[in-house]
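Q: Please see the structure below; I have some questions.
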Amino acid sequence: MAKIKQINSREILNAKGEPTIETTVILNDGAVGIASAPSGTSVGKYEAVDLKDNDEKRYQGKGVLNAITNIDKILSPLLVGMDASNQQLIDKKMIEIDGTVNKSKIGGNAILSVSIAVAKASARSAVLPLFLYLREYVKKDDQQLKIPTPCFNVINGGKHGGKSIDFQEFLVIPATSKKYSESLEIGTRVYFSLKKVIENNNLSSLVGFEGGFSPKLTSNQDALILIKKAIEESNLRAGFDMFLGIDAASDSFYNENKYIIKDKSTTLTSKDLVAFYKMVNEQFHLLYLEDGLSEDDWDGWKELYTTMSTQTMIVGDDLVATNPFRLSEAISKNAISAVIIKPNQIGTIIEALAVAEMAKQAGLKVIVSHRSGETNDDFIADFAVSVNADYVKFGAPVRGERVAKYNRLLAIESQLKSL
Ligand code: 2PG
Ligand code: MG
């Protein structure tokens, strides 16, 4: 039972060149854990606060020195000396001391970096791989651990891709029956096939925040046409080996109860948008549709669920924001069949695990996701395996901060064989 001896935090840069917090936790047996907090670009309004300094003289106001002071002056004195293996108590203390509903006092970024660094140090101390250590905090089931199916974001639009198109992410998703290492290979194959298809159409193959291509297209449907061609040219069968998905992140094209997309010349009501998704689904067979409607458009969500959920996973991200109250509302309203879990949306490991558990109990599919502003921290890969998530969403299979997670899953895959 090792105790927390020291907590040190510093400002580092994430993959978007924006400051975030990296925290080191040292235990009295010498075990060390280092963790950093990711940041979103399309941030839902129900998320834990990513506390920024708002000092325009530094990093365009995005510095995190105040959040670091909160760790040094408030969290550290409280946590030093505590049993590092009692993650529940540690996270609970931080929640209590913050005392707000959205961690706006201490900062969700500050709290999460400490929460993860403690878990990493404690796993080291217990000489356990992190995914097995985290398993200790998950309600036991008889399910065998497996690597979740990866969802690769191959075209970036919306806020992630200079608004070249409206929908934020166009995903390719291998069949769940495939082994993870095979899924990674075919996902990467489609990615490079898509690069060729894009260039053959005289379009730019420059990439967006998550490594997906970001060509200037005249409609969202054009992106699906390009991806379908890329799948076919990879010697794979669309709808059999590889499936299509979309994260519309619709809050970024929603204003005053109306949606605006390039595919339509007039503004759309939520009913119109659902009819559009239905038409797209008839043509492209979407396995996955995330944030199809805005985060407070419950009627739209219910309509989408009724219209499409027998064929397509209706996924809540900004809608739920890894928040237990939002999730319970989404379940009772029959708004979703799957949910995104992002630990930084709620701010502690224990709370994120509880939301994943709640989703499973309700029979929802669980997708563990990174953020667009990632660091090279690969915690989220271990977290996804520990909750036995159905899917993970870590971006395109390129760029250091994305492949850090995909590669960690390869290591876990080989470890699972020897368990
Ligand atoms: C999303 C995420 C991650 P962001 O909407 O699912 O892809 O984007 O981190 O910008 O919120
Ligand atoms: Mg999303």
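Quick note on naming: the chains in the structure tokens go A, B, ... in the order shown, residues restart at 1 in each chain, and ligands are numbered from 1 in order of appearance.
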Using only C-alpha atoms and all ligand atoms, tabulate the residues of chain A lying at most 7 Å from any atom of ligand 2, each with its closest atom pair and that distance in Å to one decimal, by chain and increasing residue number, as CSV.
A:
residue,atom,partner,partner_atom_place_in_ligand_line,distance
A:Asp247,CA,ligand 2,1 (Mg),5.5
A:Ala249,CA,ligand 2,1 (Mg),5.4
A:Glu290,CA,ligand 2,1 (Mg),6.2
A:Asp291,CA,ligand 2,1 (Mg),6.3
A:Asp317,CA,ligand 2,1 (Mg),5.1
A:Asp318,CA,ligand 2,1 (Mg),6.4
Q: Those same residues, written as an mmCIF file, in the first residue's frame with all heavy atoms?
A:
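And here's out26.cif as it stands now:
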data_model
loop_
_atom_site.group_PDB
_atom_site.id
_atom_site.type_symbol
_atom_site.label_atom_id
_atom_site.label_comp_id
_atom_site.auth_asym_id
_atom_site.auth_seq_id
_atom_site.Cartn_x
_atom_site.Cartn_y
_atom_site.Cartn_z
ATOM 1 N N ASP A 247 -19.363 11.365 -37.414
ATOM 2 C CA ASP A 247 -19.625 12.220 -36.240
ATOM 3 C C ASP A 247 -19.967 13.592 -36.813
ATOM 4 O O ASP A 247 -19.072 14.321 -37.275
ATOM 5 C CB ASP A 247 -18.401 12.312 -35.315
ATOM 6 C CG ASP A 247 -18.645 13.275 -34.146
ATOM 7 O OD1 ASP A 247 -19.776 13.808 -34.032
ATOM 8 O OD2 ASP A 247 -17.711 13.495 -33.355
ATOM 9 N N ALA A 249 -21.114 16.141 -35.236
ATOM 10 C CA ALA A 249 -20.841 17.263 -34.297
ATOM 11 C C ALA A 249 -21.753 18.429 -34.664
ATOM 12 O O ALA A 249 -21.309 19.560 -34.889
ATOM 13 C CB ALA A 249 -19.367 17.670 -34.322
ATOM 14 N N GLU A 290 -22.880 9.807 -34.926
ATOM 15 C CA GLU A 290 -22.648 10.475 -33.626
ATOM 16 C C GLU A 290 -23.106 11.932 -33.697
ATOM 17 O O GLU A 290 -22.885 12.602 -34.709
ATOM 18 C CB GLU A 290 -21.148 10.395 -33.316
ATOM 19 C CG GLU A 290 -20.717 11.057 -32.017
ATOM 20 C CD GLU A 290 -19.185 10.978 -31.818
ATOM 21 O OE1 GLU A 290 -18.547 10.006 -32.300
ATOM 22 O OE2 GLU A 290 -18.628 11.891 -31.202
ATOM 23 N N ASP A 291 -23.693 12.400 -32.625
ATOM 24 C CA ASP A 291 -24.143 13.795 -32.516
ATOM 25 C C ASP A 291 -24.830 14.288 -33.799
ATOM 26 O O ASP A 291 -24.519 15.373 -34.326
ATOM 27 C CB ASP A 291 -22.974 14.723 -32.124
ATOM 28 C CG ASP A 291 -22.663 14.629 -30.625
ATOM 29 O OD1 ASP A 291 -23.461 14.035 -29.874
ATOM 30 O OD2 ASP A 291 -21.626 15.162 -30.199
ATOM 31 N N ASP A 317 -22.491 12.050 -27.938
ATOM 32 C CA ASP A 317 -21.214 12.554 -27.419
ATOM 33 C C ASP A 317 -21.471 13.865 -26.664
ATOM 34 O O ASP A 317 -21.633 13.859 -25.446
ATOM 35 C CB ASP A 317 -20.221 12.746 -28.575
ATOM 36 C CG ASP A 317 -18.938 13.441 -28.139
ATOM 37 O OD1 ASP A 317 -18.664 13.507 -26.930
ATOM 38 O OD2 ASP A 317 -18.184 13.939 -29.011
ATOM 39 N N ASP A 318 -21.581 14.991 -27.387
ATOM 40 C CA ASP A 318 -21.910 16.260 -26.716
ATOM 41 C C ASP A 318 -23.232 16.140 -25.955
ATOM 42 O O ASP A 318 -23.430 16.789 -24.925
ATOM 43 C CB ASP A 318 -22.037 17.409 -27.741
ATOM 44 C CG ASP A 318 -20.686 17.763 -28.347
ATOM 45 O OD1 ASP A 318 -19.663 17.272 -27.840
ATOM 46 O OD2 ASP A 318 -20.662 18.511 -29.337
#
Q: Could you give me the residues within 6 Å of ligand 1, counting only C-alpha atoms and all ligand atoms, as a ChimeraX atom specification?
A: /A:40-43,249,370-372
Q: Report as a Markdown table: every residue of range 63-159 of chain A with an atom at most 7 Å from range 340-362 of chain A, its closest pair of atoms, and their distance in Å to one decimal, counting only C-alpha atoms, with rows sorted by chain and ascending residue number.
A:
| residue | atom | partner | partner_atom | distance |
| --- | --- | --- | --- | --- |
| A:Gln88 | CA | A:Ile350 | CA | 6.1 |
| A:Asp91 | CA | A:Thr348 | CA | 6.1 |
| A:Gly108 | CA | A:Gly347 | CA | 4.7 |
| A:Asn109 | CA | A:Gly347 | CA | 6.9 |
| A:Ile111 | CA | A:Gly347 | CA | 6.1 |
| A:Leu112 | CA | A:Gly347 | CA | 4.9 |
| A:Ser115 | CA | A:Thr348 | CA | 5.8 |
| A:Ile116 | CA | A:Ile349 | CA | 6.8 |
| A:Val138 | CA | A:Leu353 | CA | 6.8 |
Q: Keeping only all heavy atoms, write the selected residues to a file as a short mmCIF file (atom, residue, chain, number, x, y, z; two decimals), in the first residue's frame.
A:
data_model
loop_
_atom_site.label_atom_id
_atom_site.label_comp_id
_atom_site.auth_asym_id
_atom_site.auth_seq_id
_atom_site.Cartn_x
_atom_site.Cartn_y
_atom_site.Cartn_z
N GLN A 88 -10.91 5.53 -5.58
CA GLN A 88 -12.25 6.08 -5.27
C GLN A 88 -12.14 7.27 -4.33
O GLN A 88 -12.71 8.33 -4.58
CB GLN A 88 -13.16 5.04 -4.58
CG GLN A 88 -13.79 4.05 -5.51
CD GLN A 88 -13.05 2.74 -5.46
OE1 GLN A 88 -11.88 2.68 -5.06
NE2 GLN A 88 -13.72 1.67 -5.87
N ASP A 91 -10.31 10.37 -5.94
CA ASP A 91 -11.18 11.11 -6.88
C ASP A 91 -12.30 11.82 -6.12
O ASP A 91 -12.65 12.96 -6.42
CB ASP A 91 -11.74 10.16 -7.94
CG ASP A 91 -10.68 9.76 -8.97
OD1 ASP A 91 -9.56 10.30 -8.89
OD2 ASP A 91 -10.97 8.93 -9.86
N GLY A 108 -11.31 20.81 -14.58
CA GLY A 108 -11.37 19.38 -14.94
C GLY A 108 -10.02 18.91 -15.44
O GLY A 108 -9.62 17.76 -15.19
N ASN A 109 -9.29 19.78 -16.12
CA ASN A 109 -7.96 19.42 -16.64
C ASN A 109 -6.99 19.13 -15.49
O ASN A 109 -6.23 18.15 -15.53
CB ASN A 109 -7.42 20.49 -17.59
CG ASN A 109 -7.61 21.93 -17.09
OD1 ASN A 109 -8.28 22.17 -16.08
ND2 ASN A 109 -7.04 22.87 -17.81
N ILE A 111 -7.78 18.26 -12.32
CA ILE A 111 -8.23 17.07 -11.57
C ILE A 111 -7.93 15.79 -12.36
O ILE A 111 -7.42 14.81 -11.81
CB ILE A 111 -9.74 17.20 -11.24
CG1 ILE A 111 -9.92 18.35 -10.23
CG2 ILE A 111 -10.31 15.90 -10.70
CD1 ILE A 111 -11.37 18.71 -9.92
N LEU A 112 -8.22 15.81 -13.67
CA LEU A 112 -8.01 14.59 -14.45
C LEU A 112 -6.53 14.21 -14.53
O LEU A 112 -6.19 13.03 -14.43
CB LEU A 112 -8.57 14.74 -15.88
CG LEU A 112 -8.48 13.45 -16.69
CD1 LEU A 112 -9.49 12.41 -16.21
CD2 LEU A 112 -8.65 13.69 -18.18
N SER A 115 -5.77 12.54 -11.32
CA SER A 115 -6.47 11.26 -11.22
C SER A 115 -5.73 10.17 -12.02
O SER A 115 -5.47 9.07 -11.52
CB SER A 115 -7.90 11.45 -11.74
OG SER A 115 -8.64 10.27 -11.67
N ILE A 116 -5.34 10.51 -13.24
CA ILE A 116 -4.67 9.51 -14.10
C ILE A 116 -3.25 9.23 -13.61
O ILE A 116 -2.80 8.08 -13.59
CB ILE A 116 -4.67 9.97 -15.58
CG1 ILE A 116 -6.10 10.10 -16.11
CG2 ILE A 116 -3.89 8.97 -16.45
CD1 ILE A 116 -6.21 10.64 -17.53
N VAL A 138 -13.54 -1.82 -11.86
CA VAL A 138 -14.68 -2.05 -12.75
C VAL A 138 -15.50 -3.17 -12.15
O VAL A 138 -14.94 -4.16 -11.66
CB VAL A 138 -14.18 -2.47 -14.17
CG1 VAL A 138 -15.33 -2.85 -15.07
CG2 VAL A 138 -13.35 -1.35 -14.78
#
Q: For Gln143 in chain A, please output as a PyMOL selection string all residues within 9 Å (counting only C-alpha atoms; exclusion window: fewer than 3 positions along the same chain).
A: chain A and resi 140+146+388
Q: The selected residues should be written to file as an mmCIF file, in the first residue's frame (atoms: N, CA and C atoms).
A:
data_model
loop_
_atom_site.group_PDB
_atom_site.id
_atom_site.type_symbol
_atom_site.label_atom_id
_atom_site.label_comp_id
_atom_site.auth_asym_id
_atom_site.auth_seq_id
_atom_site.Cartn_x
_atom_site.Cartn_y
_atom_site.Cartn_z
ATOM 1 N N LYS A 140 -17.202 -6.411 -11.753
ATOM 2 C CA LYS A 140 -16.813 -7.659 -12.412
ATOM 3 C C LYS A 140 -17.943 -8.224 -13.274
ATOM 4 N N LYS A 146 -11.189 -7.943 -24.319
ATOM 5 C CA LYS A 146 -10.850 -7.939 -25.740
ATOM 6 C C LYS A 146 -10.452 -6.521 -26.151
ATOM 7 N N ASN A 388 -13.846 -2.895 -21.148
ATOM 8 C CA ASN A 388 -14.321 -3.770 -22.226
ATOM 9 C C ASN A 388 -15.210 -2.990 -23.198
#
Q: Which residues, written as a PyMOL selection string, have at least one atom at most 12 Å from range 259-264 of chain A, with only C-alpha atoms counted and residues fewer than 4 positions away on the same chain left out?
A: chain A and resi 157-158+163-168+216-223+248-255+268-277+279-280+292-294+297+300
Q: What is the CA of Glu413 in chain A to CA of Val385 in chain A distance in Å?
A: 9.7 Å
